[in-house]
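Visitor: This is the structure I have questions about; it appears just below.
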Amino acid sequence: MSGGADLTAAAQIAAAVRRLAASRAALTADLVALFAAEIAPLQHDDPMRSLLAASTDESVAAGLYVLEQGVDPRLLGAPPAALAYARRLAQRGIPVSALLRAYRLGHAAFIEAALSELAADPDCSPAETAAAGVHLLRVSTAYVDSVSELLVVAYEEERATWTQHRSFVRTARIAALLDGEPVDLAATETALGYRLGQTHLAALLWFEAPSAEPGEQLRRLEQLTAAAAAVHQGQHLFLPTDEASASVWISVPDELEDLDDLVRVLGGRAGALGEPAPRVALGRPEFGVDGFRASHRQADQARSVALAAGPAAARVTSFSDVGAIALLCADLAATRVWVADTLGALAVDDEDTERLRETVRVFLNLGSSHTAAARTLNLHKNSVQYRIAKAEALRGRPFRSDRADIELALRACRVLGPAVLRPST
């Protein structure tokens, strides 16, 4: 292609890119959904999905900039969010091949969207559109190649650094315990520096927002874990998951009933003002090797509830409070349908309906007593009767049937909120 033709193609591409930029948010969302559907290792929890979305958005923005301004892609560095995401993948042991496949799929989808914009330009002849398409493919491929190389370097450097800071023996011992493999108890306790023949409280800790200082959040989590263990003079075991999250075990006295002080410290509420506070998912105190596994499994299920509930979730989520709800999180789409079938129009996400659901929940918990519910809710008995009647009308049938299902569905609404409710219209 001649220099003049190149300039014409570049101008046509710049115009198409400006139109495409108007729908960048939608394009980014589509790409993130594509990666999760096509690349199993990229089916993330919410914090990692947010980081993937930021990485994708910055990469799309940089690609649009290169095409619109005619900048040599080799002169640009990798987007900061893309570098952060590559490093987090390295920390979690997710193969770099998953990242590279995401860039290949993303490049193909980006090209398709850009070509559609070019083809929609009535001022471009078929020959000009074809020439612009060739130019688009050449420049965008150069950009993807350049960024991919930088991300692979960042991934490999982080993987090497992360490996140096983790004890493979320690990690392997814990993995064997959690997988239920036969273990040498004495050797495992020596490797871990932690006794297994005691009562364990497992927790998963994580920060939702990244830190500007590498290692700062892990140090904070380990400090909180040590301080929480000291509440009852117990041992603790700390296993980083990545730079912003960890699995921990804390030994507690047998038959301990009140965990409030320990949990308060673990959640960061006893720290100095201004110190960051993590999210916490707790298992139940359990004894021995089986208890080590069980409490961790429970903490993981509690975390699934916290992630499903999103911003509405409490900072500390305990399995003891949400055990049944955790089972419902295995298939939220099916749970949403079941809640709607069980509660009818009482499963709508608005303040008035939420007030009715809470009245019904208290009413059923107190043996369907209008008087007791009125006392608990600080309402007149007639107000409670009115609300129950209105809630039954919304449901479409009385509460005396399917009572167990109703109570579970109400708990699901209370804990998971919009994740299982129908949007208000």
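In the structure tokens, chains take letters A, B, ... by order of appearance, with residues numbered from 1 within each chain and ligands from 1 in the order shown.
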So that I can check the surroundings of Pro214 in chain A, please list as a list in words every protein, DNA and RNA residue that reaches within 12 Å of it, counting only C-alpha atoms and ignoring chain neighbours fewer than 3 positions away.

Guide: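 That gives Ala84, Arg87, Arg88, Glu158, Thr161, Trp162, Pro210, Ser211, Gln217, Leu218, Arg219, Arg220, Asp242, Glu243 and Ala244 of chain A.
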
Visitor: Create the file for the chosen residues now, containing N, CA and C atoms and written as a PDB file, in the first residue's frame.

Guide:
ATOM      1  N   ALA A  84      -0.785  -5.140  36.643  1.00  0.00           N
ATOM      2  CA  ALA A  84      -1.228  -5.583  37.965  1.00  0.00           C
ATOM      3  C   ALA A  84      -1.966  -6.918  37.865  1.00  0.00           C
ATOM      4  N   ARG A  87       0.490  -9.784  37.251  1.00  0.00           N
ATOM      5  CA  ARG A  87       1.204 -10.145  38.486  1.00  0.00           C
ATOM      6  C   ARG A  87       0.303 -10.945  39.422  1.00  0.00           C
ATOM      7  N   ARG A  88      -0.991 -10.564  39.508  1.00  0.00           N
ATOM      8  CA  ARG A  88      -1.903 -11.292  40.390  1.00  0.00           C
ATOM      9  C   ARG A  88      -2.119 -12.722  39.882  1.00  0.00           C
ATOM     10  N   GLU A 158       7.208 -11.695  38.507  1.00  0.00           N
ATOM     11  CA  GLU A 158       6.404 -11.811  39.715  1.00  0.00           C
ATOM     12  C   GLU A 158       6.341 -13.247  40.203  1.00  0.00           C
ATOM     13  N   THR A 161       9.543 -13.957  42.005  1.00  0.00           N
ATOM     14  CA  THR A 161       9.576 -13.268  43.296  1.00  0.00           C
ATOM     15  C   THR A 161       8.633 -13.918  44.289  1.00  0.00           C
ATOM     16  N   TRP A 162       7.437 -14.240  43.826  1.00  0.00           N
ATOM     17  CA  TRP A 162       6.439 -14.840  44.711  1.00  0.00           C
ATOM     18  C   TRP A 162       6.897 -16.208  45.213  1.00  0.00           C
ATOM     19  N   PRO A 210      -6.959  -2.677  45.875  1.00  0.00           N
ATOM     20  CA  PRO A 210      -5.511  -2.910  45.893  1.00  0.00           C
ATOM     21  C   PRO A 210      -4.766  -1.829  46.663  1.00  0.00           C
ATOM     22  N   SER A 211      -3.560  -2.167  47.075  1.00  0.00           N
ATOM     23  CA  SER A 211      -2.710  -1.220  47.787  1.00  0.00           C
ATOM     24  C   SER A 211      -1.620  -0.710  46.856  1.00  0.00           C
ATOM     25  N   GLN A 217      -0.570  -5.156  52.225  1.00  0.00           N
ATOM     26  CA  GLN A 217      -1.807  -5.792  52.660  1.00  0.00           C
ATOM     27  C   GLN A 217      -1.561  -7.154  53.296  1.00  0.00           C
ATOM     28  N   LEU A 218      -0.622  -7.912  52.764  1.00  0.00           N
ATOM     29  CA  LEU A 218      -0.306  -9.191  53.401  1.00  0.00           C
ATOM     30  C   LEU A 218       0.270  -8.987  54.791  1.00  0.00           C
ATOM     31  N   ARG A 219       1.115  -7.980  54.953  1.00  0.00           N
ATOM     32  CA  ARG A 219       1.660  -7.695  56.286  1.00  0.00           C
ATOM     33  C   ARG A 219       0.530  -7.340  57.244  1.00  0.00           C
ATOM     34  N   ARG A 220      -0.409  -6.567  56.770  1.00  0.00           N
ATOM     35  CA  ARG A 220      -1.538  -6.184  57.614  1.00  0.00           C
ATOM     36  C   ARG A 220      -2.366  -7.405  58.010  1.00  0.00           C
ATOM     37  N   ASP A 242      -2.745 -14.544  47.636  1.00  0.00           N
ATOM     38  CA  ASP A 242      -2.083 -13.612  46.734  1.00  0.00           C
ATOM     39  C   ASP A 242      -1.715 -12.401  47.573  1.00  0.00           C
ATOM     40  N   GLU A 243      -1.376 -11.284  46.956  1.00  0.00           N
ATOM     41  CA  GLU A 243      -0.877 -10.149  47.724  1.00  0.00           C
ATOM     42  C   GLU A 243      -1.958  -9.426  48.524  1.00  0.00           C
ATOM     43  N   ALA A 244      -3.223  -9.827  48.339  1.00  0.00           N
ATOM     44  CA  ALA A 244      -4.303  -9.138  49.036  1.00  0.00           C
ATOM     45  C   ALA A 244      -5.238 -10.081  49.795  1.00  0.00           C
TER      46      ALA A 244
END

Visitor: Fewer than 6 positions away in the same chain doesn't count, so skip those; otherwise give me all residues within 10 Å of Ala314 in chain A, counting only C-alpha atoms, as a PyMOL selection string.

Guide: chain A and resi 279-281+306+415

Visitor: Between A:Val316, A:Leu239, A:Val153, A:Ala230, which residue has the minimum interatomic distance to Pro253 in chain A, considering only C-alpha atoms?

Guide: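 Distance minimum relative to Pro253 in chain A lands on A:Ala230.
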
Visitor: Considering only strand (DSSP E or B) as DSSP defines it on the backbone, what residues of range 192-227 of chain A qualify? List them as a ChimeraX atom specification.

Guide: /A:199-206

Visitor: Quick one: distance from CA of Ser295 in chain A to CA of Leu201 in chain A in Å, one decimal?

Guide: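 Rounded to one decimal, the two atoms are 6.2 Å apart.
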
Visitor: Would you pick out the contacts of Ala54 in chain A at 6 Å or less, using only C-alpha atoms, so that residues sharing its chain but fewer than 3 positions from it are not included, and give the list as a VMD selection string?

Guide: chain A and resid 51 57 81

Visitor: Which one of A:Leu42, A:Val71, A:Ala334, A:Leu327 sits closest to Ala98 in chain A if you count only C-alpha atoms?

Guide: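 Result for the nearest residue to Ala98 in chain A: A:Leu42.
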
Visitor: Applying 12 Å and only C-alpha atoms, which residues near Gln385 in chain A remain after dropping the ones on its own chain fewer than 6 positions away? List them as a PyMOL selection string.

Guide: chain A and resi 356+359-360+363+368-374+379+391-392

Visitor: Could you check the closest approach to Pro122 in chain A for each of A:Thr188, A:Glu358, A:Gln12, A:Pro423 and tell me which residue wins, using only C-alpha atoms?

Guide: A:Gln12

Visitor: Show which residues sit within 7 Å of range 73-78 of chain A, as a PyMOL selection string. Count only C-alpha atoms, and ignore same-chain residues fewer than 2 positions away.

Guide: chain A and resi 66+71+80+82-83+142-143+146-147+150

Visitor: For the residues selected in the previous step, produce a file with C-alpha atoms as a PDB file, in the first residue's frame.

Guide:
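Just written: part20.pdb:
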ATOM      1  CA  VAL A  66      -2.824   3.791  19.117  1.00  0.00           C
ATOM      2  CA  VAL A  71       1.280   6.084  17.586  1.00  0.00           C
ATOM      3  CA  PRO A  80      -0.823  -0.363  34.600  1.00  0.00           C
ATOM      4  CA  ALA A  82      -2.889  -5.035  32.821  1.00  0.00           C
ATOM      5  CA  LEU A  83       0.491  -5.333  34.563  1.00  0.00           C
ATOM      6  CA  ALA A 142       1.721  -4.957  16.540  1.00  0.00           C
ATOM      7  CA  TYR A 143       0.100  -3.467  19.653  1.00  0.00           C
ATOM      8  CA  SER A 146       4.149  -5.536  22.139  1.00  0.00           C
ATOM      9  CA  VAL A 147       1.873  -5.580  25.177  1.00  0.00           C
ATOM     10  CA  LEU A 150       5.668  -6.911  28.404  1.00  0.00           C
TER      11      LEU A 150
END

Visitor: Determine, counting only C-alpha atoms, which protein, DNA and RNA residues have an atom within 12 Å of an atom of Ala37 in chain A; residues of the same chain fewer than 6 positions away are not included. Present the result as an NGL selection string.

Guide: :A and (30-31 or 43-44 or 102 or 105)

Visitor: What's the 9 Å shell around Gln301 in chain A, counting only C-alpha atoms, without same-chain residues fewer than 2 positions away, as a PDB file with N, CA, C and O atoms, in the first residue's frame?

Guide:
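Now in selection.pdb:
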ATOM      1  N   ALA A 281     -14.313 -14.101  56.202  1.00  0.00           N
ATOM      2  CA  ALA A 281     -15.271 -15.209  56.141  1.00  0.00           C
ATOM      3  C   ALA A 281     -14.801 -16.262  57.135  1.00  0.00           C
ATOM      4  O   ALA A 281     -13.644 -16.698  57.092  1.00  0.00           O
ATOM      5  N   LEU A 282     -15.696 -16.660  58.050  1.00  0.00           N
ATOM      6  CA  LEU A 282     -15.337 -17.551  59.153  1.00  0.00           C
ATOM      7  C   LEU A 282     -15.991 -18.917  59.030  1.00  0.00           C
ATOM      8  O   LEU A 282     -17.168 -19.026  58.654  1.00  0.00           O
ATOM      9  N   GLY A 283     -15.207 -19.969  59.382  1.00  0.00           N
ATOM     10  CA  GLY A 283     -15.794 -21.273  59.615  1.00  0.00           C
ATOM     11  C   GLY A 283     -16.218 -21.370  61.069  1.00  0.00           C
ATOM     12  O   GLY A 283     -16.214 -20.376  61.798  1.00  0.00           O
ATOM     13  N   HIS A 296     -12.096 -24.823  57.396  1.00  0.00           N
ATOM     14  CA  HIS A 296     -11.679 -24.110  56.186  1.00  0.00           C
ATOM     15  C   HIS A 296     -12.742 -24.215  55.101  1.00  0.00           C
ATOM     16  O   HIS A 296     -13.035 -23.233  54.404  1.00  0.00           O
ATOM     17  N   ARG A 297     -13.328 -25.396  54.952  1.00  0.00           N
ATOM     18  CA  ARG A 297     -14.393 -25.572  53.952  1.00  0.00           C
ATOM     19  C   ARG A 297     -15.574 -24.663  54.280  1.00  0.00           C
ATOM     20  O   ARG A 297     -16.163 -24.045  53.388  1.00  0.00           O
ATOM     21  N   GLN A 298     -15.912 -24.563  55.552  1.00  0.00           N
ATOM     22  CA  GLN A 298     -17.010 -23.693  55.963  1.00  0.00           C
ATOM     23  C   GLN A 298     -16.690 -22.226  55.688  1.00  0.00           C
ATOM     24  O   GLN A 298     -17.556 -21.466  55.231  1.00  0.00           O
ATOM     25  N   ALA A 299     -15.441 -21.825  55.959  1.00  0.00           N
ATOM     26  CA  ALA A 299     -15.038 -20.442  55.681  1.00  0.00           C
ATOM     27  C   ALA A 299     -15.157 -20.135  54.190  1.00  0.00           C
ATOM     28  O   ALA A 299     -15.584 -19.046  53.795  1.00  0.00           O
ATOM     29  N   ARG A 303     -17.507 -17.361  52.447  1.00  0.00           N
ATOM     30  CA  ARG A 303     -16.986 -16.365  51.510  1.00  0.00           C
ATOM     31  C   ARG A 303     -17.839 -16.322  50.237  1.00  0.00           C
ATOM     32  O   ARG A 303     -18.067 -15.241  49.669  1.00  0.00           O
ATOM     33  N   SER A 304     -18.325 -17.475  49.792  1.00  0.00           N
ATOM     34  CA  SER A 304     -19.173 -17.478  48.593  1.00  0.00           C
ATOM     35  C   SER A 304     -20.435 -16.671  48.825  1.00  0.00           C
ATOM     36  O   SER A 304     -20.932 -16.001  47.916  1.00  0.00           O
ATOM     37  N   VAL A 305     -20.944 -16.696  50.062  1.00  0.00           N
ATOM     38  CA  VAL A 305     -22.120 -15.893  50.389  1.00  0.00           C
ATOM     39  C   VAL A 305     -21.773 -14.414  50.362  1.00  0.00           C
ATOM     40  O   VAL A 305     -22.510 -13.589  49.806  1.00  0.00           O
ATOM     41  N   ALA A 306     -20.630 -14.060  50.972  1.00  0.00           N
ATOM     42  CA  ALA A 306     -20.217 -12.653  51.006  1.00  0.00           C
ATOM     43  C   ALA A 306     -20.020 -12.103  49.601  1.00  0.00           C
ATOM     44  O   ALA A 306     -20.423 -10.972  49.300  1.00  0.00           O
ATOM     45  N   PHE A 319     -20.004 -18.692  58.839  1.00  0.00           N
ATOM     46  CA  PHE A 319     -20.733 -19.858  58.350  1.00  0.00           C
ATOM     47  C   PHE A 319     -21.869 -20.228  59.294  1.00  0.00           C
ATOM     48  O   PHE A 319     -22.921 -20.704  58.854  1.00  0.00           O
ATOM     49  N   VAL A 322     -24.784 -18.308  58.049  1.00  0.00           N
ATOM     50  CA  VAL A 322     -25.236 -18.375  56.647  1.00  0.00           C
ATOM     51  C   VAL A 322     -25.063 -19.763  56.031  1.00  0.00           C
ATOM     52  O   VAL A 322     -25.058 -19.892  54.807  1.00  0.00           O
ATOM     53  N   GLY A 323     -24.912 -20.800  56.858  1.00  0.00           N
ATOM     54  CA  GLY A 323     -24.627 -22.130  56.322  1.00  0.00           C
ATOM     55  C   GLY A 323     -25.618 -22.588  55.264  1.00  0.00           C
ATOM     56  O   GLY A 323     -25.234 -23.053  54.182  1.00  0.00           O
ATOM     57  N   ALA A 326     -25.308 -20.648  52.046  1.00  0.00           N
ATOM     58  CA  ALA A 326     -24.134 -21.004  51.235  1.00  0.00           C
ATOM     59  C   ALA A 326     -24.486 -22.066  50.202  1.00  0.00           C
ATOM     60  O   ALA A 326     -23.980 -22.043  49.071  1.00  0.00           O
ATOM     61  N   LEU A 327     -25.352 -22.999  50.568  1.00  0.00           N
ATOM     62  CA  LEU A 327     -25.750 -24.035  49.616  1.00  0.00           C
ATOM     63  C   LEU A 327     -26.522 -23.431  48.446  1.00  0.00           C
ATOM     64  O   LEU A 327     -26.410 -23.886  47.309  1.00  0.00           O
ATOM     65  N   CYS A 329     -25.988 -20.595  47.143  1.00  0.00           N
ATOM     66  CA  CYS A 329     -25.076 -19.829  46.284  1.00  0.00           C
ATOM     67  C   CYS A 329     -24.436 -20.680  45.198  1.00  0.00           C
ATOM     68  O   CYS A 329     -23.805 -20.141  44.290  1.00  0.00           O
TER      69      CYS A 329
END

Visitor: At what distance in Å, to one decimal, does CA of Glu208 in chain A lie from CA of Pro278 in chain A?

Guide: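 Distance reported for this atom pair: 7.5 Å.
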
Visitor: Point out the residue among A:Val362, A:Ala412, A:Asp321, A:Lys381 with the least atom-to-atom distance to Ala347 in chain A, counting only C-alpha atoms.

Guide: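 Looking at the shortest contact to Ala347 in chain A, the residue is A:Ala412.
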
Visitor: What does the structure give for the distance between CA of Leu416 in chain A and CA of Leu307 in chain A, in Å to one decimal?

Guide: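 Calculated distance between CA of Leu416 in chain A and CA of Leu307 in chain A is 9.1 Å.
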
Visitor: Would you please extract all helix (DSSP H, G or I) residues from range 166-322 of chain A, as assigned by DSSP on the backbone, and give them as a VMD selection string?

Guide: chain A and resid 168 to 178 185 to 192 216 to 230 260 to 266 288 to 312 319 to 322

Visitor: Just checking: using only C-alpha atoms, which residue out of A:Gly234, A:Gly93, A:Pro240, A:Gly63 ends up closest to Ala114 in chain A?

Guide: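 Closest candidate: A:Gly63.
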
Visitor: Of the residues A:Leu237, A:Ala209, A:Ala172, A:Leu332, which is the one nearest to Met48 in chain A, using only C-alpha atoms?

Guide: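 Ranked by minimum distance to Met48 in chain A, first place goes to A:Ala209.
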